[in-house]
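To be precise, the following lines are protein.cif, and they hold mmCIF, C-alpha atoms and all ligand atoms.
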data_run
loop_
_atom_site.label_atom_id
_atom_site.label_comp_id
_atom_site.auth_asym_id
_atom_site.auth_seq_id
_atom_site.Cartn_x
_atom_site.Cartn_y
_atom_site.Cartn_z
CA MET F 6 0.00 0.00 0.00
CA GLY F 7 1.28 3.44 -0.96
CA ALA F 8 1.25 6.62 1.02
CA VAL F 9 -2.07 7.46 2.64
CA THR F 10 -3.99 10.16 0.80
CA LEU F 11 -6.34 12.53 2.57
CA HIS F 12 -9.50 13.70 0.84
CA ALA F 13 -11.80 16.54 1.80
CA ILE F 14 -15.33 15.56 0.82
CA THR F 15 -18.38 17.77 0.96
CA VAL F 16 -21.99 16.71 0.46
CA LEU F 17 -24.56 19.50 0.29
CA GLY F 18 -28.19 19.71 -0.67
CA HIS F 19 -31.71 18.51 0.01
CA ASP F 20 -31.99 16.59 3.27
CA ARG F 21 -33.48 13.10 3.37
CA PRO F 22 -32.91 10.06 5.59
CA GLY F 23 -29.94 7.88 4.63
CA ILE F 24 -27.45 10.32 3.12
CA ILE F 25 -24.80 9.68 5.76
CA ALA F 26 -25.37 5.92 5.63
CA GLU F 27 -24.97 5.92 1.85
CA THR F 28 -21.89 8.16 1.85
CA THR F 29 -20.04 6.25 4.54
CA ALA F 30 -20.90 2.89 2.98
CA ILE F 31 -19.40 4.02 -0.33
CA LEU F 32 -16.24 5.31 1.36
CA GLY F 33 -15.95 2.13 3.40
CA GLY F 34 -16.25 0.12 0.22
CA LEU F 35 -13.18 1.95 -1.13
CA GLY F 36 -11.26 1.10 2.04
CA LEU F 37 -11.23 4.73 3.19
CA ASN F 38 -11.27 5.61 6.85
CA LEU F 39 -13.24 8.57 8.16
CA GLU F 40 -11.04 10.93 10.09
CA ASP F 41 -12.87 14.08 11.18
CA SER F 42 -16.41 14.75 10.01
CA SER F 43 -19.10 17.29 10.64
CA MET F 44 -22.70 17.27 9.53
CA THR F 45 -25.51 19.67 10.22
CA LEU F 46 -28.64 21.15 8.71
CA LEU F 47 -28.24 24.72 7.49
CA ARG F 48 -31.66 26.25 7.05
CA GLY F 49 -32.91 22.70 6.52
CA HIS F 50 -30.29 21.81 3.93
CA PHE F 51 -28.01 18.85 4.49
CA ALA F 52 -24.36 19.96 4.88
CA MET F 53 -21.57 17.48 5.55
CA THR F 54 -17.82 17.93 5.41
CA LEU F 55 -15.44 15.11 6.14
CA ILE F 56 -11.82 14.10 5.79
CA SER F 57 -11.16 10.54 4.68
CA ALA F 58 -7.85 8.71 4.61
CA GLY F 59 -6.90 5.86 2.31
CA ASP F 60 -5.09 5.04 -0.89
CA ALA F 61 -7.84 5.70 -3.46
CA ASP F 62 -7.28 8.63 -5.84
CA VAL F 63 -9.62 11.57 -6.31
CA ASP F 64 -11.19 10.27 -9.52
CA THR F 65 -12.02 6.94 -7.92
CA VAL F 66 -13.63 8.59 -4.89
CA GLU F 67 -15.56 11.01 -7.08
CA ALA F 68 -16.84 8.24 -9.34
CA ALA F 69 -17.90 6.13 -6.39
CA LEU F 70 -19.84 9.02 -4.84
CA ALA F 71 -21.49 10.00 -8.14
CA SER F 72 -24.57 7.93 -7.32
CA LEU F 73 -25.30 10.27 -4.41
CA ALA F 74 -25.62 13.23 -6.76
CA SER F 75 -27.51 11.36 -9.47
CA GLY F 76 -30.88 12.52 -8.12
CA GLY F 77 -29.86 16.10 -8.85
CA ASP F 78 -30.57 17.42 -5.36
CA LEU F 79 -27.15 16.79 -3.77
CA THR F 80 -23.79 18.28 -4.69
CA VAL F 81 -20.68 16.26 -3.93
CA SER F 82 -17.10 17.50 -4.11
CA VAL F 83 -13.83 15.65 -3.50
CA ARG F 84 -10.44 17.32 -3.11
CA GLU F 85 -7.09 15.88 -2.20
CA LEU F 86 -5.51 17.45 0.86
CA PRO F 87 -1.84 17.71 1.74
CA VAL F 88 -0.97 15.67 4.81
CA GLU F 89 -0.03 18.09 7.53
CA ARG F 90 -0.11 18.12 11.23
CA VAL F 91 -1.36 21.29 12.80
CA ALA F 92 0.83 22.22 15.72
CA ASP F 93 -1.05 22.62 18.95
CA LEU F 94 -1.08 26.26 19.92
CA ALA F 95 -0.05 26.77 23.49
CA GLY F 96 -2.92 29.09 24.24
CA THR F 97 -6.28 29.43 25.88
CA SER F 98 -9.74 28.40 24.68
CA TRP F 99 -12.74 30.72 24.71
CA VAL F 100 -16.37 30.79 23.69
CA LEU F 101 -17.50 33.98 21.97
CA SER F 102 -21.25 34.73 21.78
CA VAL F 103 -22.85 37.52 19.81
CA HIS F 104 -26.58 38.13 19.53
CA GLY F 105 -28.77 40.94 18.35
CA GLY F 106 -30.84 42.28 15.52
CA ASP F 107 -29.97 40.88 12.15
CA ARG F 108 -27.85 43.21 10.03
CA PRO F 109 -25.10 42.82 7.46
CA GLY F 110 -21.52 42.54 8.66
CA ILE F 111 -21.94 41.03 12.11
CA VAL F 112 -19.80 37.97 11.44
CA SER F 113 -17.05 39.74 9.49
CA SER F 114 -16.74 42.63 11.96
CA VAL F 115 -16.59 40.40 15.01
CA VAL F 116 -14.20 37.80 13.64
CA SER F 117 -11.90 40.57 12.40
CA ARG F 118 -11.32 41.65 16.00
CA VAL F 119 -10.36 38.07 16.86
CA ALA F 120 -8.05 37.76 13.84
CA GLU F 121 -6.30 41.06 14.70
CA VAL F 122 -4.90 39.57 17.89
CA GLY F 123 -3.91 36.29 16.25
CA GLY F 124 -6.92 34.41 17.62
CA ASN F 125 -7.96 31.33 15.71
CA ILE F 126 -11.61 30.36 15.33
CA THR F 127 -11.84 26.59 15.65
CA ASP F 128 -15.61 26.21 15.44
CA LEU F 129 -18.39 28.58 14.56
CA THR F 130 -22.13 28.50 14.03
CA THR F 131 -24.54 31.28 13.24
CA ARG F 132 -28.31 31.11 13.38
CA LEU F 133 -31.07 33.43 12.34
CA ALA F 134 -34.65 33.24 13.59
CA GLY F 135 -36.99 36.11 12.90
CA ASP F 136 -34.88 39.22 13.50
CA LEU F 137 -32.59 37.55 16.04
CA TYR F 138 -29.10 36.73 14.82
CA VAL F 139 -26.90 34.51 17.00
CA LEU F 140 -23.21 33.75 16.51
CA VAL F 141 -21.29 31.36 18.74
CA ALA F 142 -17.62 30.70 18.06
CA GLU F 143 -14.92 28.73 19.81
CA VAL F 144 -11.68 30.68 19.77
CA ASP F 145 -8.09 29.77 20.58
CA LEU F 146 -6.07 32.74 21.77
CA PRO F 147 -2.27 32.79 21.88
CA LYS F 148 -0.91 32.86 25.42
CA ASP F 149 0.26 36.47 25.22
CA VAL F 150 -3.13 37.88 24.16
CA ASP F 151 -4.81 40.15 26.69
CA SER F 152 -8.36 38.77 26.69
CA ASP F 153 -9.71 41.80 28.58
CA ALA F 154 -8.39 44.10 25.85
CA LEU F 155 -9.92 41.83 23.21
CA LEU F 156 -13.27 41.98 25.00
CA VAL F 157 -13.08 45.78 25.05
CA SER F 158 -12.48 45.87 21.29
CA LEU F 159 -15.25 43.30 20.72
CA ARG F 160 -17.64 45.42 22.79
CA GLU F 161 -16.79 48.52 20.76
CA THR F 162 -17.54 46.66 17.55
CA ALA F 163 -20.70 45.15 19.03
CA ALA F 164 -21.91 48.58 20.17
CA GLU F 165 -21.45 49.93 16.63
CA LEU F 166 -23.51 47.04 15.33
CA GLY F 167 -26.11 47.32 18.08
CA VAL F 168 -25.54 43.75 19.24
CA GLY F 169 -24.33 42.17 22.49
CA VAL F 170 -21.11 40.20 22.91
CA SER F 171 -19.79 37.82 25.57
CA LEU F 172 -16.44 36.07 25.87
CA HIS F 173 -15.96 33.22 28.35
CA GLU F 174 -12.94 31.03 28.90
CA VAL F 175 -13.68 27.34 28.46
CA GLU F 176 -12.94 25.49 31.61
CA ALA F 177 -12.77 21.74 31.26
CA ASP F 178 -13.86 19.81 34.32
CA GLU F 179 -11.31 17.04 34.77
CA LEU F 180 -13.01 13.93 36.03
CA MET M 10 -30.07 18.71 50.82
CA SER M 11 -32.85 18.17 53.28
CA SER M 12 -35.87 20.44 53.23
CA ALA M 13 -34.75 21.66 56.67
CA GLU M 14 -32.28 23.85 54.77
CA LEU M 15 -35.04 25.71 52.95
CA ASN M 16 -35.52 29.32 53.91
CA ASP M 17 -38.90 29.26 55.71
CA ASP M 18 -39.69 32.91 55.01
CA VAL M 19 -39.18 32.41 51.28
CA ALA M 20 -41.02 29.07 51.22
CA ALA M 21 -43.98 30.61 53.04
CA TRP M 22 -44.13 33.64 50.76
CA THR M 23 -47.06 33.98 48.37
CA GLU M 24 -48.06 36.78 46.07
CA SER M 25 -51.15 37.42 48.23
CA SER M 26 -48.78 39.15 50.69
CA LEU M 27 -48.31 41.86 48.07
CA ALA M 28 -51.99 42.84 48.47
CA VAL M 29 -52.25 44.08 44.88
CA GLU M 30 -53.76 42.44 41.82
CA GLY M 31 -51.16 41.22 39.33
CA ARG M 32 -51.66 42.16 35.68
CA VAL M 33 -50.59 39.98 32.79
CA LEU M 34 -47.90 41.86 30.85
CA GLU M 35 -46.54 41.31 27.38
CA VAL M 36 -43.24 39.40 27.27
CA VAL M 37 -40.59 41.01 25.05
CA THR M 38 -38.28 38.92 22.90
CA ALA M 39 -34.67 39.24 21.71
CA PRO M 40 -33.21 41.32 20.11
CA ALA M 41 -34.99 43.88 22.36
CA SER M 42 -32.24 46.04 23.90
CA VAL M 43 -33.83 45.93 27.38
CA LEU M 44 -32.84 42.26 27.52
CA SER M 45 -29.17 43.20 27.12
CA THR M 46 -29.21 46.09 29.59
CA VAL M 47 -28.03 45.75 33.19
CA GLY M 48 -31.07 46.31 35.41
CA ALA M 49 -31.10 49.01 38.08
CA ASP M 50 -31.24 48.21 41.79
CA VAL M 51 -34.68 48.83 43.28
CA ASP M 52 -36.35 49.75 46.55
CA PRO M 53 -38.27 46.54 47.29
CA THR M 54 -40.85 48.44 49.36
CA ALA M 55 -41.73 50.96 46.62
CA PRO M 56 -45.35 50.62 45.44
CA GLU M 57 -44.35 50.31 41.78
CA ILE M 58 -41.97 47.44 42.63
CA VAL M 59 -44.69 45.69 44.64
CA GLN M 60 -46.98 46.05 41.61
CA LEU M 61 -44.25 44.80 39.27
CA ALA M 62 -43.69 41.77 41.53
CA ALA M 63 -47.41 40.93 41.34
CA ASP M 64 -47.40 41.46 37.58
CA LEU M 65 -44.42 39.15 37.09
CA VAL M 66 -46.12 36.36 39.06
CA ALA M 67 -49.40 36.87 37.19
CA THR M 68 -47.62 36.77 33.83
CA MET M 69 -45.62 33.67 34.82
CA ARG M 70 -48.82 31.92 35.91
CA VAL M 71 -50.57 32.33 32.56
CA SER M 72 -47.50 31.25 30.55
CA PRO M 73 -47.42 27.48 30.02
CA GLY M 74 -44.24 25.85 31.31
CA CYS M 75 -42.86 29.15 32.59
CA VAL M 76 -40.79 28.64 35.77
CA GLY M 77 -39.46 32.17 36.12
CA LEU M 78 -39.74 35.65 34.73
CA ALA M 79 -37.49 38.67 35.17
CA ALA M 80 -38.40 42.36 34.95
CA PRO M 81 -36.40 43.01 31.74
CA GLN M 82 -38.60 40.39 30.05
CA VAL M 83 -41.61 42.65 30.56
CA GLY M 84 -39.65 45.71 29.46
CA GLU M 85 -38.56 46.97 32.91
CA SER M 86 -34.81 47.36 33.32
CA VAL M 87 -34.67 46.60 37.05
CA LYS M 88 -33.44 43.78 39.28
CA VAL M 89 -36.68 41.96 40.11
CA PHE M 90 -37.69 38.43 39.16
CA CYS M 91 -40.09 35.67 40.13
CA VAL M 92 -39.50 31.93 40.21
CA ASP M 93 -41.70 28.89 40.72
CA VAL M 94 -40.21 25.52 39.81
CA SER M 95 -42.58 23.50 42.02
CA GLU M 96 -44.26 21.75 39.07
CA HIS M 97 -41.11 20.98 37.09
CA PRO M 98 -39.90 17.35 36.87
CA LYS M 99 -36.20 18.28 37.26
CA THR M 100 -36.88 20.02 40.55
CA ARG M 101 -35.60 18.55 43.80
CA ASP M 102 -36.09 20.97 46.66
CA HIS M 103 -37.92 24.21 46.07
CA HIS M 104 -39.33 27.32 47.76
CA GLY M 105 -42.57 27.47 45.74
CA THR M 106 -43.46 30.85 44.28
CA PHE M 107 -41.35 33.83 45.29
CA VAL M 108 -40.07 37.16 44.04
CA LEU M 109 -36.62 38.55 44.77
CA CYS M 110 -35.27 42.07 44.33
CA ASN M 111 -31.59 42.98 43.89
CA ALA M 112 -30.64 39.31 44.09
CA GLU M 113 -27.12 38.01 43.71
CA VAL M 114 -25.42 34.63 43.82
CA VAL M 115 -23.12 34.59 46.84
CA GLU M 116 -21.93 30.96 46.60
CA SER M 117 -22.04 28.39 43.84
CA SER M 118 -20.67 24.91 43.22
CA ARG M 119 -21.02 21.73 41.18
CA ASN M 120 -21.40 22.81 37.60
CA GLU M 121 -23.61 20.84 35.27
CA LYS M 122 -24.54 21.39 31.64
CA ALA M 123 -28.22 21.34 30.66
CA ARG M 124 -30.42 22.68 27.89
CA GLU M 125 -32.38 25.85 28.63
CA GLY M 126 -35.14 27.73 26.93
CA CYS M 127 -36.48 31.22 27.58
CA MET M 128 -39.75 32.98 26.77
CA SER M 129 -37.70 35.90 25.45
CA VAL M 130 -35.75 33.67 23.04
CA PRO M 131 -38.61 31.53 21.69
CA ASP M 132 -36.84 30.10 18.65
CA PHE M 133 -33.74 28.67 20.32
CA THR M 134 -32.63 26.50 23.19
CA GLY M 135 -29.08 26.39 24.52
CA ASP M 136 -26.72 24.17 26.46
CA VAL M 137 -25.51 26.12 29.47
CA LYS M 138 -23.20 25.09 32.28
CA ARG M 139 -24.43 26.31 35.65
CA ALA M 140 -23.93 25.53 39.31
CA THR M 141 -26.32 22.96 40.76
CA ARG M 142 -25.93 24.38 44.26
CA VAL M 143 -26.18 28.07 44.96
CA VAL M 144 -26.69 30.46 47.80
CA VAL M 145 -28.65 33.52 46.71
CA ARG M 146 -29.25 36.70 48.64
CA GLY M 147 -31.95 39.24 47.83
CA GLN M 148 -34.93 41.10 49.22
CA LEU M 149 -38.59 40.18 49.31
CA PRO M 150 -40.87 42.77 47.69
CA GLY M 151 -43.27 44.53 50.04
CA THR M 152 -41.50 43.96 53.36
CA GLY M 153 -38.04 44.49 51.92
CA GLU M 154 -36.76 41.70 54.19
CA THR M 155 -33.28 40.50 53.16
CA VAL M 156 -33.28 36.75 52.68
CA THR M 157 -30.54 34.23 51.97
CA LEU M 158 -31.58 30.93 50.48
CA ARG M 159 -29.90 27.73 49.42
CA ALA M 160 -31.15 26.19 46.21
CA ASN M 161 -30.22 23.08 44.30
CA ALA M 162 -30.88 21.30 41.01
CA PHE M 163 -33.50 23.00 38.84
CA GLU M 164 -34.33 25.78 41.28
CA ALA M 165 -30.64 26.72 41.34
CA ARG M 166 -30.57 26.83 37.54
CA ALA M 167 -33.75 28.92 37.36
CA LEU M 168 -32.36 31.42 39.90
CA GLN M 169 -29.12 31.86 37.94
CA HIS M 170 -31.07 32.27 34.68
CA GLU M 171 -33.29 34.99 36.19
CA ILE M 172 -30.40 36.78 37.96
CA ASP M 173 -28.64 36.79 34.57
CA HIS M 174 -31.69 38.49 33.03
CA CYS M 175 -31.46 41.21 35.69
CA ASP M 176 -27.79 41.67 34.69
CA GLY M 177 -28.68 41.96 31.00
CA LEU M 178 -27.55 38.45 30.10
CA LEU M 179 -29.40 35.76 28.15
CA PHE M 180 -28.57 32.05 27.99
CA LEU M 181 -27.14 32.87 24.56
CA ASP M 182 -24.33 34.71 26.38
CA ARG M 183 -23.47 31.53 28.26
CA ALA M 184 -23.52 29.06 25.37
CA ALA M 185 -21.24 26.15 26.23
CA GLY M 186 -19.78 25.96 22.72
CA ALA M 187 -20.25 26.59 19.02
CA HIS M 188 -22.83 23.82 18.80
CA ALA M 189 -24.66 24.68 21.99
CA ILE M 190 -27.46 26.76 20.44
CA HIS M 191 -30.29 24.77 18.89
CA ALA M 192 -33.18 25.87 16.70
CA ARG M 193 -36.58 24.91 18.02
CA LYS M 194 -38.03 25.00 14.53
CA THR M 195 -37.01 23.16 11.41
CA TYR M 196 -36.91 25.40 8.40
CA LEU M 197 -38.83 23.92 5.52
ZN ZN T 1 -35.31 33.71 30.39
#
What is this file in structure tokens?
Amino acid sequence: MGAVTLHAITVLGHDRPGIIAETTAILGGLGLNLEDSSMTLLRGHFAMTLISAGDADVDTVEAALASLASGGDLTVSVRELPVERVADLAGTSWVLSVHGGDRPGIVSSVVSRVAEVGGNITDLTTRLAGDLYVLVAEVDLPKDVDSDALLVSLRETAAELGVGVSLHEVEADEL
Amino acid sequence: MSSAELNDDVAAWTESSLAVEGRVLEVVTAPASVLSTVGADVDPTAPEIVQLAADLVATMRVSPGCVGLAAPQVGESVKVFCVDVSEHPKTRDHHGTFVLCNAEVVESSRNEKAREGCMSVPDFTGDVKRATRVVVRGQLPGTGETVTLRANAFEARALQHEIDHCDGLLFLDRAAGAHAIHARKTYL
């Protein structure tokens, strides 16, 4: 067996029961292992992203998954990824919450403040219901970042947007 | 916790001691700015606070499943809330119906994550980590008596949720992570 290839696979479109079962069965049939995966419904649409590892090439994976898209209501993409190990940042983990009236620019303005101090967003969801817009992000901050100063700058941005912002350090309860 | 640790004055309190008729008020929903504003301290003996206390209880009573309501939720930016978790299945010990003014958590321990909803955030629920044992101090409306009570389990969670409202915080501000906020509706 040659070097392991990583593939980034996305499946997007109309939700119905069985999409995950079908996708993973096809990948299993190719001898691919699932590494990380994430699936959710975005405004009712199925949205799955996963990384698989194995020795199949892109064309083979794409051809095998083609049956998923044959109904015309799902889009499938397959990309090869370079194998790389992300170094663990020696930093602190935070949860950032923003909520308020829906208006353009909330996400970009808020995440810019995080990026300015070298913070890395590791997970993010946004939701809209009626006029209420909610953003929750998990953020890794480098050790030398002053989180109080970041909160001040986030609050300034939030005030301009007319939304509220909270930043809490994640404390893991060791059991 | 044995029921001997309940605060008898709080447990014995009922809204009839307010001697005013509660009115059912409209509950405001996010993104109303009053919900994100820190409430002012109040004089618990002031007639308008006694009326507000009665109104909060009356509004809670007519709202199905409602176990607590804070003044900002009816548009008043002050530190007053009511709680009644006596009918909730997750409740262990409880003090029945009561209203507290200017309340604060003075001790807390044993965090636990659970999913919360809120009448002011009708379209979402959220996973929030909160203490399962708290000591809360506040004043009873009308008499103004300062009371300190120990609460556990669901009553402790309800108290922290309502005290947060009085401080301009929603459960959205305490989301446990990026996947901790859930839509109540499916979008079709
Ligand atoms: Zn609430």
Which chain F residues are at most 8 Å from chain M (counting all atoms listed in the file), as a ChimeraX atom specification?
/F:48-49,100,102-106,128-130,132,134,136-137,139,141-143,169-171,173,175
Among M:Val143, M:Cys127, M:Cys75, M:His104, ligand ZN 1 (chain T) is approached most closely, using all atoms listed in the file, by M:Cys127
Do a neighbour search on Ala95 in chain F at 10 Å with all atoms listed in the file, toss out local chain neighbours closer than 6 positions, and write the hits as a PyMOL selection string.
chain F and resi 145-149
Need the axis-aligned box for range 96-110 of chain F with 3 Å each side, so what are the centre and edges in Å to one decimal, as lines of an AutoDock Vina configuration file?
center_x = -16.9
center_y = 35.8
center_z = 16.7
size_x = 33.9
size_y = 20.8
size_z = 24.4
Can you pull out every residue with an atom within 8 Å of ligand ZN 1 (chain T)? Use all atoms listed in the file and format it as a list in words.
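Written in the requested form, the residues are Gly77, Leu78, Ala79, Gln82, Gly126, Cys127, Met128, Ser129, Val130, His170, Glu171, His174, Leu179 and Phe180 of chain M.
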If you count all atoms listed in the file, which residues fall within 12 Å of Glu24 in chain M, apart from same-chain ones fewer than 5 positions away, as a list in words?
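That gives Val19, Val29, Glu30, Gly31, Val59, Gln60, Leu61, Ala62, Ala63, Asp64, Leu65, Val66, Ala67, Met69, Arg70, Cys91, Val92, Asp93, Gly105, Thr106, Phe107, Val108, Leu109, Leu149, Pro150 and Gly151 of chain M.
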Determine the nearest neighbour of Ala164 in chain F from the options F:Leu37, F:Leu73, F:Val81, F:Val115, counting all atoms listed in the file.
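Looking only at the distances to Ala164 in chain F, the closest residue turns out to be F:Val115.
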Please list as an mmCIF file with C-alpha atoms, in the coordinates of the input every residue within 12 Å of Val66 in chain F, counting only C-alpha atoms and excluding residues in the same chain fewer than 6 positions away.
data_model
loop_
_atom_site.group_PDB
_atom_site.id
_atom_site.type_symbol
_atom_site.label_atom_id
_atom_site.label_comp_id
_atom_site.auth_asym_id
_atom_site.auth_seq_id
_atom_site.Cartn_x
_atom_site.Cartn_y
_atom_site.Cartn_z
ATOM 1 C CA THR F 10 -3.990 10.160 0.800
ATOM 2 C CA LEU F 11 -6.340 12.530 2.570
ATOM 3 C CA HIS F 12 -9.500 13.700 0.840
ATOM 4 C CA ALA F 13 -11.800 16.540 1.800
ATOM 5 C CA ILE F 14 -15.330 15.560 0.820
ATOM 6 C CA THR F 15 -18.380 17.770 0.960
ATOM 7 C CA THR F 28 -21.890 8.160 1.850
ATOM 8 C CA THR F 29 -20.040 6.250 4.540
ATOM 9 C CA ILE F 31 -19.400 4.020 -0.330
ATOM 10 C CA LEU F 32 -16.240 5.310 1.360
ATOM 11 C CA GLY F 33 -15.950 2.130 3.400
ATOM 12 C CA GLY F 34 -16.250 0.120 0.220
ATOM 13 C CA LEU F 35 -13.180 1.950 -1.130
ATOM 14 C CA GLY F 36 -11.260 1.100 2.040
ATOM 15 C CA LEU F 37 -11.230 4.730 3.190
ATOM 16 C CA SER F 57 -11.160 10.540 4.680
ATOM 17 C CA ALA F 58 -7.850 8.710 4.610
ATOM 18 C CA GLY F 59 -6.900 5.860 2.310
ATOM 19 C CA ASP F 60 -5.090 5.040 -0.890
ATOM 20 C CA SER F 72 -24.570 7.930 -7.320
ATOM 21 C CA LEU F 73 -25.300 10.270 -4.410
ATOM 22 C CA VAL F 81 -20.680 16.260 -3.930
ATOM 23 C CA SER F 82 -17.100 17.500 -4.110
ATOM 24 C CA VAL F 83 -13.830 15.650 -3.500
ATOM 25 C CA ARG F 84 -10.440 17.320 -3.110
ATOM 26 C CA GLU F 85 -7.090 15.880 -2.200
#
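The gap separating CA of Thr127 in chain F from CA of Glu67 in chain F is 27.8 Å, in Å to one decimal.
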What does the distance between CA of Pro81 in chain M and CA of Arg101 in chain M come to in Å, to one decimal place?
27.3 Å
When you draw a straight line from CA of Val114 in chain M to CA of Ile172 in chain M, how long is it in Å?
8.0 Å
Calculated over all atoms listed in the file, which of the candidates F:Ser113, F:Thr162, F:Ser75, F:Asn125 has the smallest distance to Leu140 in chain F?
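Of F:Ser113, F:Thr162, F:Ser75, F:Asn125, the one nearest Leu140 in chain F is F:Ser113, counting all atoms listed in the file.
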Where atoms are missing, can you supply N, CA and C atoms for range 118-133 of chain F and output the lot as a PDB file, keeping the file's coordinate frame?
ATOM      1  N   ARG F 118     -11.945  41.284  14.723  1.00  0.00           N
ATOM      2  CA  ARG F 118     -11.320  41.650  16.000  1.00  0.00           C
ATOM      3  C   ARG F 118     -10.511  40.477  16.546  1.00  0.00           C
ATOM      4  N   VAL F 119     -11.056  39.270  16.379  1.00  0.00           N
ATOM      5  CA  VAL F 119     -10.360  38.070  16.860  1.00  0.00           C
ATOM      6  C   VAL F 119      -9.088  37.841  16.045  1.00  0.00           C
ATOM      7  N   ALA F 120      -9.201  38.000  14.720  1.00  0.00           N
ATOM      8  CA  ALA F 120      -8.050  37.760  13.840  1.00  0.00           C
ATOM      9  C   ALA F 120      -6.930  38.757  14.126  1.00  0.00           C
ATOM     10  N   GLU F 121      -7.299  40.009  14.450  1.00  0.00           N
ATOM     11  CA  GLU F 121      -6.300  41.060  14.700  1.00  0.00           C
ATOM     12  C   GLU F 121      -5.324  40.705  15.811  1.00  0.00           C
ATOM     13  N   VAL F 122      -5.801  39.923  16.789  1.00  0.00           N
ATOM     14  CA  VAL F 122      -4.900  39.570  17.890  1.00  0.00           C
ATOM     15  C   VAL F 122      -4.302  38.179  17.705  1.00  0.00           C
ATOM     16  N   GLY F 123      -4.479  37.614  16.521  1.00  0.00           N
ATOM     17  CA  GLY F 123      -3.910  36.290  16.250  1.00  0.00           C
ATOM     18  C   GLY F 123      -4.762  35.153  16.767  1.00  0.00           C
ATOM     19  N   GLY F 124      -6.008  35.463  17.152  1.00  0.00           N
ATOM     20  CA  GLY F 124      -6.920  34.410  17.620  1.00  0.00           C
ATOM     21  C   GLY F 124      -7.366  33.539  16.462  1.00  0.00           C
ATOM     22  N   ASN F 125      -7.552  32.268  16.742  1.00  0.00           N
ATOM     23  CA  ASN F 125      -7.960  31.330  15.710  1.00  0.00           C
ATOM     24  C   ASN F 125      -9.332  30.758  16.043  1.00  0.00           C
ATOM     25  N   ILE F 126     -10.276  30.919  15.113  1.00  0.00           N
ATOM     26  CA  ILE F 126     -11.610  30.360  15.330  1.00  0.00           C
ATOM     27  C   ILE F 126     -11.586  28.889  14.944  1.00  0.00           C
ATOM     28  N   THR F 127     -11.924  28.032  15.897  1.00  0.00           N
ATOM     29  CA  THR F 127     -11.840  26.590  15.650  1.00  0.00           C
ATOM     30  C   THR F 127     -13.209  25.985  15.377  1.00  0.00           C
ATOM     31  N   ASP F 128     -14.269  26.709  15.691  1.00  0.00           N
ATOM     32  CA  ASP F 128     -15.610  26.210  15.440  1.00  0.00           C
ATOM     33  C   ASP F 128     -16.551  27.402  15.489  1.00  0.00           C
ATOM     34  N   LEU F 129     -17.504  27.426  14.598  1.00  0.00           N
ATOM     35  CA  LEU F 129     -18.390  28.580  14.560  1.00  0.00           C
ATOM     36  C   LEU F 129     -19.745  28.168  14.001  1.00  0.00           C
ATOM     37  N   THR F 130     -20.800  28.647  14.633  1.00  0.00           N
ATOM     38  CA  THR F 130     -22.130  28.500  14.030  1.00  0.00           C
ATOM     39  C   THR F 130     -22.830  29.847  14.118  1.00  0.00           C
ATOM     40  N   THR F 131     -23.670  30.117  13.153  1.00  0.00           N
ATOM     41  CA  THR F 131     -24.540  31.280  13.240  1.00  0.00           C
ATOM     42  C   THR F 131     -25.950  30.805  12.969  1.00  0.00           C
ATOM     43  N   ARG F 132     -26.908  31.464  13.600  1.00  0.00           N
ATOM     44  CA  ARG F 132     -28.310  31.110  13.380  1.00  0.00           C
ATOM     45  C   ARG F 132     -29.129  32.377  13.324  1.00  0.00           C
ATOM     46  N   LEU F 133     -30.148  32.308  12.480  1.00  0.00           N
ATOM     47  CA  LEU F 133     -31.070  33.430  12.340  1.00  0.00           C
ATOM     48  C   LEU F 133     -32.480  32.909  12.546  1.00  0.00           C
TER      49      LEU F 133
END
